[in-house]
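Enquirer: One file: run_5.txt (compact mmCIF, C-alpha atoms).
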```
# COMPACT_ATOMS: atom_id res chain seq x y z
CA MET A 188 0.00 0.00 0.00
CA PRO A 189 1.27 3.54 -0.64
CA GLY A 190 3.12 5.02 2.33
CA LYS A 191 4.21 1.65 3.63
CA ILE A 192 7.65 0.07 3.93
CA ARG A 193 8.64 -3.56 4.10
CA LYS A 194 9.96 -4.60 7.50
CA THR A 195 10.67 -8.26 6.84
CA PRO A 196 9.94 -10.65 3.94
CA LEU A 197 7.21 -12.27 6.05
CA ILE A 198 6.16 -11.96 9.69
CA GLU A 199 6.84 -15.23 11.54
CA ALA A 200 4.18 -17.91 11.37
CA GLY A 201 3.26 -20.33 14.12
CA ARG A 202 1.54 -17.93 16.53
CA ASP A 203 -1.69 -15.99 16.90
CA TYR A 204 -1.98 -12.38 15.74
CA LEU A 205 -4.28 -9.65 17.02
CA ALA A 206 -5.12 -6.37 15.29
CA LEU A 207 -7.15 -3.36 16.37
CA GLY A 208 -8.98 -1.77 13.46
CA LEU A 209 -10.28 1.82 13.52
CA GLU A 210 -12.76 3.11 10.94
CA GLY A 211 -14.27 6.58 10.61
CA SER A 212 -14.27 7.63 6.97
CA ALA A 213 -17.89 8.85 7.11
CA ASN A 214 -20.54 9.13 9.84
CA LYS A 215 -19.67 5.94 11.73
CA PHE A 216 -16.82 5.43 14.17
CA GLY A 217 -16.01 1.76 14.55
CA ALA A 218 -13.42 -0.36 16.31
CA GLY A 219 -12.85 -4.08 15.96
CA ILE A 220 -10.42 -6.75 17.19
CA MET A 221 -9.48 -9.42 14.65
CA LYS A 222 -7.57 -12.58 15.56
CA HIS A 223 -5.60 -14.65 13.06
CA PRO A 224 -4.94 -17.97 14.81
CA LYS A 225 -1.84 -19.97 13.95
CA ASP A 226 -4.22 -22.59 12.59
CA GLY A 227 -7.78 -22.05 11.42
CA ALA A 228 -9.90 -19.20 10.08
CA ALA A 229 -9.80 -15.58 11.21
CA THR A 230 -11.92 -14.84 14.27
CA VAL A 231 -13.89 -11.68 15.02
CA LEU A 232 -13.39 -10.99 18.72
CA SER A 233 -15.34 -7.73 18.80
CA ASN A 234 -16.89 -5.26 16.40
CA ILE A 235 -18.46 -2.10 17.84
CA ARG A 236 -19.51 1.16 16.21
CA HIS A 237 -21.51 4.31 16.82
CA THR A 238 -23.31 6.34 14.16
CA TYR A 239 -23.62 10.10 13.97
CA ILE A 240 -27.30 10.68 13.10
CA THR A 241 -28.63 14.03 11.95
CA PRO A 242 -32.27 15.25 11.86
CA PRO A 243 -34.50 14.28 8.90
CA GLY A 244 -33.75 16.27 5.77
CA GLU A 245 -30.16 16.98 6.80
CA GLY A 246 -26.85 15.39 5.83
CA PHE A 247 -23.76 15.16 8.02
CA GLN A 248 -21.11 17.86 7.81
CA PRO A 249 -17.38 16.94 7.98
CA ARG A 250 -16.63 19.14 11.01
CA ASP A 251 -19.56 17.85 13.07
CA THR A 252 -18.81 14.25 12.09
CA ALA A 253 -15.18 14.64 13.13
CA LEU A 254 -16.26 15.97 16.52
CA HIS A 255 -18.56 12.96 16.92
CA HIS A 256 -15.66 10.58 16.27
CA ARG A 257 -13.43 12.31 18.81
CA GLU A 258 -16.15 12.25 21.45
CA TRP A 259 -16.91 8.54 20.98
CA ALA A 260 -13.46 7.11 20.20
CA LEU A 261 -12.37 6.31 23.76
CA LYS A 262 -15.63 4.63 24.77
CA ILE A 263 -15.87 2.57 21.57
CA ILE A 264 -12.25 1.38 21.80
CA ASN A 265 -12.54 0.52 25.50
CA ASP A 266 -15.79 -1.40 24.87
CA CYS A 267 -14.14 -3.16 21.95
CA LEU A 268 -11.15 -4.30 24.03
CA ALA A 269 -13.38 -5.36 26.92
CA LYS A 270 -15.66 -7.44 24.71
CA ALA A 271 -12.66 -9.11 23.07
CA GLY A 272 -11.07 -9.78 26.47
CA VAL A 273 -7.68 -8.38 25.45
CA SER A 274 -5.53 -5.41 26.39
CA MET A 275 -3.65 -2.97 24.18
CA HIS A 276 -0.40 -4.65 25.23
CA GLU A 277 -1.52 -7.86 23.48
CA ILE A 278 -2.32 -6.12 20.19
CA ASP A 279 0.23 -6.70 17.39
CA CYS A 280 -0.71 -3.73 15.20
CA ILE A 281 -3.11 -0.79 15.01
CA CYS A 282 -4.89 -0.53 11.66
CA PHE A 283 -6.63 2.66 10.57
CA THR A 284 -8.54 3.87 7.54
CA LYS A 285 -6.14 5.85 5.37
CA GLY A 286 -8.82 6.69 2.81
CA PRO A 287 -10.91 7.29 0.81
CA GLY A 288 -13.45 9.24 2.81
CA MET A 289 -14.29 12.62 4.32
CA GLY A 290 -11.21 14.60 5.27
CA ALA A 291 -12.02 15.78 8.79
CA PRO A 292 -13.43 12.44 10.07
CA LEU A 293 -10.44 10.59 8.61
CA GLN A 294 -8.08 12.96 10.42
CA SER A 295 -9.82 12.23 13.72
CA VAL A 296 -9.27 8.48 13.24
CA VAL A 297 -5.61 8.94 12.28
CA LEU A 298 -5.07 11.10 15.36
CA VAL A 299 -6.49 8.38 17.62
CA ALA A 300 -4.40 5.68 15.89
CA ARG A 301 -1.18 7.68 16.20
CA THR A 302 -1.82 8.38 19.88
CA LEU A 303 -2.37 4.70 20.65
CA SER A 304 0.70 3.77 18.62
CA LEU A 305 2.89 6.13 20.62
CA LEU A 306 1.37 5.24 23.99
CA PHE A 307 1.71 1.47 23.58
CA ASN A 308 4.61 1.30 21.10
CA LYS A 309 2.58 -0.54 18.47
CA PRO A 310 3.12 -0.42 14.67
CA LEU A 311 0.58 1.34 12.47
CA VAL A 312 -0.96 -0.05 9.27
CA GLY A 313 -2.87 2.30 6.97
CA VAL A 314 -5.71 0.56 5.13
CA ASN A 315 -7.67 1.33 1.98
CA HIS A 316 -11.33 1.52 3.01
CA CYS A 317 -12.54 -0.26 -0.13
CA VAL A 318 -10.06 -3.12 0.24
CA GLY A 319 -11.21 -3.49 3.84
CA HIS A 320 -14.77 -4.10 2.62
CA ILE A 321 -13.58 -6.65 0.06
CA GLU A 322 -11.36 -8.63 2.41
CA MET A 323 -13.99 -8.74 5.13
CA GLY A 324 -16.58 -9.89 2.62
CA ARG A 325 -14.29 -12.64 1.35
CA GLU A 326 -13.49 -13.79 4.88
CA ILE A 327 -17.11 -13.90 6.09
CA THR A 328 -18.70 -15.45 2.99
CA GLY A 329 -15.91 -17.73 1.81
CA ALA A 330 -16.09 -16.39 -1.76
CA GLN A 331 -12.97 -17.48 -3.62
CA ASN A 332 -12.47 -15.22 -6.62
CA PRO A 333 -15.66 -13.23 -7.14
CA VAL A 334 -16.60 -10.20 -9.15
CA VAL A 335 -17.09 -7.59 -6.44
CA LEU A 336 -19.86 -5.01 -6.50
CA TYR A 337 -18.81 -2.33 -4.02
CA VAL A 338 -21.73 0.01 -3.30
CA SER A 339 -21.72 2.59 -0.52
CA GLY A 340 -22.39 6.24 0.22
CA GLY A 341 -19.14 7.34 -1.36
CA ASN A 342 -18.25 4.59 -3.82
CA THR A 343 -19.78 2.53 -6.62
CA GLN A 344 -17.38 0.13 -8.33
CA VAL A 345 -17.32 -3.24 -10.08
CA ILE A 346 -14.04 -4.92 -9.19
CA ALA A 347 -12.16 -8.14 -9.93
CA TYR A 348 -8.81 -9.41 -8.68
CA SER A 349 -5.85 -9.96 -11.01
CA ARG A 350 -2.11 -10.10 -10.36
CA GLN A 351 -2.07 -8.71 -6.84
CA CYS A 352 -4.41 -5.86 -7.67
CA TYR A 353 -8.15 -5.24 -7.32
CA ARG A 354 -8.89 -3.91 -10.77
CA ILE A 355 -11.86 -1.63 -11.41
CA PHE A 356 -13.98 -2.78 -14.37
CA GLY A 357 -16.67 -0.13 -13.99
CA GLU A 358 -17.70 2.66 -11.65
CA THR A 359 -19.96 5.65 -11.24
CA LEU A 360 -19.14 8.65 -13.38
CA ASP A 361 -20.59 11.13 -10.89
CA ILE A 362 -22.24 10.32 -7.54
CA ALA A 363 -22.25 7.01 -5.67
CA VAL A 364 -25.40 4.92 -5.35
CA GLY A 365 -25.55 5.43 -1.58
CA ASN A 366 -25.23 9.16 -2.02
CA CYS A 367 -28.05 9.09 -4.58
CA LEU A 368 -30.35 7.23 -2.17
CA ASP A 369 -29.37 9.39 0.81
CA ARG A 370 -30.01 12.63 -1.04
CA PHE A 371 -33.42 11.47 -2.19
CA ALA A 372 -34.26 10.46 1.38
CA ARG A 373 -33.51 14.04 2.40
CA ILE A 374 -35.71 15.38 -0.39
CA ILE A 375 -38.75 13.46 0.89
CA ASN A 376 -37.74 14.10 4.52
CA LEU A 377 -37.14 10.49 5.58
CA SER A 378 -35.46 9.78 8.90
CA ASN A 379 -31.70 9.22 9.06
CA ASP A 380 -32.21 6.65 11.82
CA PRO A 381 -30.86 3.99 11.42
CA SER A 382 -29.88 5.14 7.92
CA PRO A 383 -31.62 6.88 5.00
CA GLY A 384 -30.90 3.96 2.66
CA TYR A 385 -32.56 1.49 5.00
CA ASN A 386 -35.65 3.68 5.28
CA ILE A 387 -35.88 4.02 1.50
CA GLU A 388 -35.74 0.21 1.28
CA GLN A 389 -38.68 -0.10 3.68
CA GLU A 390 -40.72 2.57 1.86
CA ALA A 391 -39.99 0.91 -1.49
CA LYS A 392 -41.70 -2.27 -0.28
CA LYS A 393 -44.97 -0.28 -0.16
CA GLY A 394 -44.59 1.15 -3.67
CA LYS A 395 -47.12 0.08 -6.32
CA ARG A 396 -46.06 1.96 -9.46
CA LEU A 397 -42.85 1.72 -11.48
CA LEU A 398 -42.30 5.21 -12.85
CA SER A 399 -40.13 6.05 -15.81
CA LEU A 400 -36.62 7.19 -14.84
CA PRO A 401 -33.40 7.61 -16.85
CA TYR A 402 -31.45 4.36 -17.26
CA ALA A 403 -27.86 5.52 -17.65
CA THR A 404 -25.32 2.75 -18.17
CA LYS A 405 -22.36 3.87 -20.26
CA GLY A 406 -20.35 0.81 -21.17
CA MET A 407 -19.16 -0.61 -17.87
CA ASP A 408 -19.92 2.62 -15.99
CA VAL A 409 -23.08 4.19 -14.61
CA SER A 410 -24.29 7.75 -14.14
CA LEU A 411 -26.61 8.48 -11.22
CA SER A 412 -26.92 12.26 -11.00
CA GLY A 413 -29.52 12.42 -13.77
CA ILE A 414 -31.77 9.82 -12.20
CA LEU A 415 -31.64 11.76 -8.92
CA SER A 416 -32.74 14.94 -10.70
CA ALA A 417 -35.52 13.05 -12.49
CA VAL A 418 -36.93 11.43 -9.35
CA GLU A 419 -36.76 14.79 -7.55
CA ALA A 420 -38.77 16.34 -10.40
CA TYR A 421 -41.61 13.90 -9.65
CA THR A 422 -41.94 15.46 -6.17
CA LEU A 423 -42.82 18.75 -7.89
CA ASP A 424 -45.45 17.10 -10.11
CA LYS A 425 -49.06 18.05 -9.30
CA ARG A 426 -49.85 14.33 -9.06
CA PHE A 427 -47.38 13.86 -6.19
CA HIS A 428 -49.21 13.01 -2.96
CA VAL A 429 -47.30 12.63 0.29
CA GLN A 430 -49.91 10.49 2.07
CA GLU A 431 -49.69 6.75 1.73
CA GLY A 432 -52.72 4.82 0.47
CA ALA A 433 -54.27 7.55 -1.65
CA GLU A 434 -57.33 6.38 -3.61
CA ASP A 435 -56.61 8.08 -6.94
CA LYS A 436 -54.58 5.69 -9.14
CA ASP A 437 -52.98 8.64 -10.95
CA LEU A 438 -51.39 9.98 -7.80
CA ILE A 439 -47.67 9.45 -7.19
CA THR A 440 -46.63 8.61 -3.64
CA PRO A 441 -43.19 8.77 -1.98
CA GLN A 442 -43.36 4.98 -1.76
CA ASP A 443 -43.76 4.76 -5.55
CA LEU A 444 -40.72 6.97 -6.01
CA CYS A 445 -38.60 4.93 -3.59
CA PHE A 446 -39.64 1.74 -5.38
CA SER A 447 -38.93 3.18 -8.84
CA LEU A 448 -35.56 4.60 -7.82
CA GLN A 449 -34.39 1.33 -6.28
CA GLU A 450 -35.57 -0.84 -9.18
CA THR A 451 -33.96 1.35 -11.84
CA VAL A 452 -30.63 1.93 -10.09
CA PHE A 453 -30.25 -1.68 -8.99
CA ALA A 454 -31.03 -2.92 -12.51
CA MET A 455 -28.15 -0.78 -13.78
CA LEU A 456 -25.80 -2.25 -11.18
CA VAL A 457 -26.86 -5.81 -12.01
CA GLU A 458 -26.20 -5.17 -15.71
CA ILE A 459 -22.63 -3.94 -15.32
CA THR A 460 -21.86 -6.68 -12.78
CA GLU A 461 -23.08 -9.33 -15.23
CA ARG A 462 -20.84 -7.89 -17.94
CA ALA A 463 -17.82 -8.18 -15.64
CA MET A 464 -18.75 -11.78 -14.81
CA ALA A 465 -18.93 -12.61 -18.51
CA HIS A 466 -15.61 -10.87 -19.19
CA ILE A 467 -13.58 -12.78 -16.61
CA GLY A 468 -15.59 -16.00 -16.67
CA SER A 469 -16.57 -15.85 -12.99
CA LYS A 470 -19.67 -17.42 -11.46
CA GLU A 471 -19.38 -15.61 -8.13
CA VAL A 472 -20.60 -12.16 -7.12
CA LEU A 473 -19.66 -10.57 -3.81
CA ILE A 474 -21.67 -7.50 -2.75
CA VAL A 475 -19.94 -5.24 -0.22
CA GLY A 476 -20.47 -1.74 1.17
CA GLY A 477 -23.38 -0.23 3.07
CA VAL A 478 -25.86 -0.48 0.20
CA GLY A 479 -24.90 -4.16 -0.12
CA SER A 480 -27.11 -4.94 2.87
CA ASN A 481 -30.19 -3.99 0.82
CA GLU A 482 -32.21 -7.18 0.44
CA ARG A 483 -33.79 -6.12 -2.86
CA LEU A 484 -30.36 -5.58 -4.42
CA GLN A 485 -29.28 -9.01 -3.19
CA GLN A 486 -32.46 -10.54 -4.62
CA MET A 487 -32.04 -8.94 -8.06
CA MET A 488 -28.37 -9.93 -8.18
CA GLY A 489 -29.31 -13.45 -7.13
CA ILE A 490 -31.77 -13.80 -10.04
CA MET A 491 -29.05 -12.77 -12.50
CA ALA A 492 -26.45 -15.07 -10.95
CA GLN A 493 -28.86 -18.02 -10.93
CA GLU A 494 -29.49 -17.55 -14.65
CA ARG A 495 -25.73 -17.82 -15.17
CA GLN A 496 -25.50 -20.88 -12.85
CA GLY A 497 -23.64 -18.65 -10.43
CA GLN A 498 -23.88 -17.59 -6.80
CA VAL A 499 -24.20 -14.35 -4.85
CA PHE A 500 -22.31 -13.72 -1.63
CA ALA A 501 -23.30 -10.94 0.76
CA THR A 502 -23.13 -10.14 4.45
CA ASP A 503 -25.57 -8.54 6.86
CA GLU A 504 -25.38 -5.01 8.26
CA ARG A 505 -22.70 -5.97 10.83
CA PHE A 506 -20.11 -6.25 8.08
CA CYS A 507 -21.64 -4.44 5.07
CA ILE A 508 -21.97 -1.11 6.85
CA ASP A 509 -18.68 0.62 7.71
CA ASN A 510 -17.00 -1.07 10.67
CA GLY A 511 -13.66 -1.37 12.40
CA ILE A 512 -13.27 -5.13 11.98
CA MET A 513 -12.89 -4.88 8.20
CA ILE A 514 -9.99 -2.46 8.70
CA ALA A 515 -8.42 -4.87 11.20
CA GLN A 516 -8.78 -7.76 8.73
CA ALA A 517 -7.21 -6.01 5.74
CA GLY A 518 -4.55 -4.38 7.91
CA LEU A 519 -3.55 -7.65 9.55
CA LEU A 520 -3.24 -9.37 6.19
CA SER A 521 -0.89 -6.59 5.10
CA TYR A 522 1.02 -6.57 8.40
CA ARG A 523 1.65 -10.31 8.23
CA MET A 524 3.26 -9.78 4.82
CA GLY A 525 5.77 -7.47 6.52
CA TYR A 526 4.24 -4.04 5.97
CA GLU A 527 3.62 -1.18 8.34
CA THR A 528 3.09 2.56 8.07
CA PRO A 529 5.82 4.73 9.62
CA LEU A 530 4.50 7.40 11.97
CA ALA A 531 5.78 10.16 9.69
CA LYS A 532 3.72 8.74 6.80
CA SER A 533 0.58 7.96 8.78
CA THR A 534 -1.50 10.45 6.83
CA CYS A 535 -4.97 10.15 5.37
CA THR A 536 -6.33 11.04 1.96
CA GLN A 537 -9.83 11.67 0.65
CA ARG A 538 -8.91 10.02 -2.65
CA PHE A 539 -7.35 6.56 -2.48
CA ARG A 540 -8.43 4.29 -5.32
CA THR A 541 -8.96 0.57 -4.85
CA ASP A 542 -6.60 -0.26 -7.71
CA GLU A 543 -3.70 1.64 -6.10
CA VAL A 544 -3.24 -1.08 -3.44
CA HIS A 545 -0.61 -3.78 -3.87
CA VAL A 546 -2.44 -6.89 -2.68
CA THR A 547 0.61 -8.85 -1.53
CA TRP A 548 -1.32 -11.37 0.56
CA ARG A 549 -3.05 -12.93 -2.47
CA ALA A 550 -1.11 -15.19 -4.82
```
Can you dump the structure from the file as C-alpha cells?
Expert:
Amino acid sequence: MPGKIRKTPLIEAGRDYLALGLEGSANKFGAGIMKHPKDGAATVLSNIRHTYITPPGEGFQPRDTALHHREWALKIINDCLAKAGVSMHEIDCICFTKGPGMGAPLQSVVLVARTLSLLFNKPLVGVNHCVGHIEMGREITGAQNPVVLYVSGGNTQVIAYSRQCYRIFGETLDIAVGNCLDRFARIINLSNDPSPGYNIEQEAKKGKRLLSLPYATKGMDVSLSGILSAVEAYTLDKRFHVQEGAEDKDLITPQDLCFSLQETVFAMLVEITERAMAHIGSKEVLIVGGVGSNERLQQMMGIMAQERQGQVFATDERFCIDNGIMIAQAGLLSYRMGYETPLAKSTCTQRFRTDEVHVTWRA
C-alpha cells in the first residue's frame, strides 16, 4: 500500500496475531479486534460502532462528524477491548482507515491511531477503506475469486482481482449509489435513523407503481446524478401526494418513487456486474459496502447469478456497513506480509483508489 515500507519478507508464522482496526471515513466510528490464529480461520473478537445521526432532511457535515468521532473514540475502543477480552499490550498492530473518505473524520481516526501507537509502542498499518470491505466480505462469505460489487455512500465500483491488484472494471461517473439514495431520502424528509438507505428500502416495499426514470449505463460505468434529478422532479409534479394509500390511481406517492428509484438503479448495477462476470468467466458475485445490505439488491443480483449458474455472496449489516473489523482484517493481512506505516507517513487522503493497493497477501 502507498506510504508503507517492508519490514521483513514475512512476519513469523506459528503464533496468533491480534489487530485493532479503527474506521471513521464517514458518519460511523467503529473499532474491531481481529484474531488470526496460527491454525484455522480468522476470528472476530469484537466489532463495535456508533453512528452520527442528523435530523430528517439533513446530511452530516465533515466538522460535526469529526467531533462525533473524537467524542466517541475512547468509549468505543474501551468497549471493543473489553468485549474481546484483550488489552492494548496484546495487540500486534493498530490498523486505521487511510482513505478514501471525508477529510475531517479521517483525520480524527488517524489522530487516535497515532496516539495509541505512541502510547503502547505498536506499529501502524494504513488501510484502503474499499479493500477493507472486500477482504472482510471474502473472509465472512468464503467467496474465492468473485466479481465484487462495491456500493456505498461514497463509492460505486465493479471490481475483480488480477495479479495482486483489485482492478476496477466499472464505476460511477458522478455520484455514488448510496449518495443518490441518501439525497433522495432528504428530499422526501425520511429519517436518518438507522440510515436513510434502509428507510428508502422499507418505503420501497410499499410502492405500487414503477415510474419512468433515466437508465444511464455507459459501457461498464453508470451515471446516477440524472436519475436523482428526475426522481426529484416527480416530487414537484401536481400528481405527487405525500400520504400513503391515496385512492386516486394517478397519484404518485413517496413509496412509488422509492420503489422506482431502487428498481432502476439496482437494474443498472446488475447489468454492469453481469458484464464483468462474462468478461472474466466468474460465477461468483460478492456485494460489499453499506448499500450491499439492501435485500432487494441481493435478490435482483441473485436472479441474474442463478441464470448464469452462479452464486451471490453478501453479508448482513454488521459487516456491510462501515466497521472497524474490516480495517483490522485487511490491515492484519498486510502486516503479516511485513508491511507497516511509519508514523511520519501515517497520513490520510480523501482520494485513495482501490486499484492503487498492492495486494501482496493474495497469490
Enquirer: For a quick check of understanding, using all atoms listed in the file, which of A:Glu461, A:Glu419, A:Leu456, A:Thr284 has the smallest distance to A:Tyr402?
Expert: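 Closest to A:Tyr402 of all the choices is A:Leu456.
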Enquirer: List as number ranges by chain the protein and nucleic acid residues near A:Ile512, meaning an atom at most 6 Å away when only C-alpha atoms are counted, but skip any in the same chain fewer than 4 places from it.
Expert: A: 208, 219, 234
Enquirer: I'd like the neighbourhood of A:Ala260 as a VMD selection string, where a residue qualifies if any of its atoms comes within 9 Å (using all atoms listed in the file), though same-chain residues fewer than 6 positions away should be ignored.
Expert: chain A and resid 216 to 218 296 299
Enquirer: Could you work out how far atom CA of A:Leu444 lies from atom CA of A:Ile375, giving the answer in Å with one decimal?
Expert: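 Between atom CA of A:Ile375 and atom CA of A:Leu444 the gap is 9.7 Å.
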Enquirer: Which residue out of A:Cys445, A:Ala454, A:Ala291, A:Val478 has the minimum interatomic distance to A:Ala391 when all atoms listed in the file are used?
Expert: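 Among A:Cys445, A:Ala454, A:Ala291, A:Val478, it is A:Cys445 that comes nearest to A:Ala391.
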Enquirer: Here is a test: counting only C-alpha atoms, which residue of A:Leu423, A:Met407, A:Ala228, A:Leu484 is nearest to A:Val345?
Expert: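 Once distances to A:Val345 are computed over only C-alpha atoms, the minimum belongs to A:Met407.
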Enquirer: Around (-41.0, 16.8, -9.3), as given in the file, which residues come within 12 Å? Count only C-alpha atoms and list them as a ChimeraX atom specification.
Expert: /A:371,374-375,400,414-428,439-441,444
Enquirer: Can you work out the spacing between atom CA of A:Leu530 and atom CA of A:Ile321 in Å, to one decimal?
Expert: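 Rounded to one decimal, the two atoms are 25.8 Å apart.
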Enquirer: Would you mind telling me which residue in A:Phe506, A:Tyr353, A:Tyr385, A:Phe500 lies nearest to A:Arg540 when using only C-alpha atoms?
Expert: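 Closest candidate: A:Tyr353.
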Enquirer: Just to confirm, what's the straight-line distance from atom CA of A:Ile278 to atom CA of A:Val297 in Å (one decimal)?
Expert: 17.3 Å
Enquirer: Would you mind telling me which residue in A:Val314, A:Ala330, A:Arg350, A:Pro383 lies nearest to A:Ile240 when using only C-alpha atoms?
Expert: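 Of A:Val314, A:Ala330, A:Arg350, A:Pro383, the one nearest A:Ile240 is A:Pro383, counting only C-alpha atoms.
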Enquirer: Could I get the residues of stretch 197-310 of chain A with an atom no further than 7 Å from an atom of stretch 378-382 of chain A, each paired with its nearest atom pair and that distance in Å to one decimal, using all atoms listed in the file, sorted by chain and residue number, as a tab-separated table?
Expert:
```
residue	atom	partner	partner_atom	distance
A:Ile240	CA	A:Asn379	CA	6.1
A:Thr241	CA	A:Asn379	CA	6.4
A:Pro242	CA	A:Asn379	CA	6.7
A:Pro243	CA	A:Ser378	CA	4.6
```
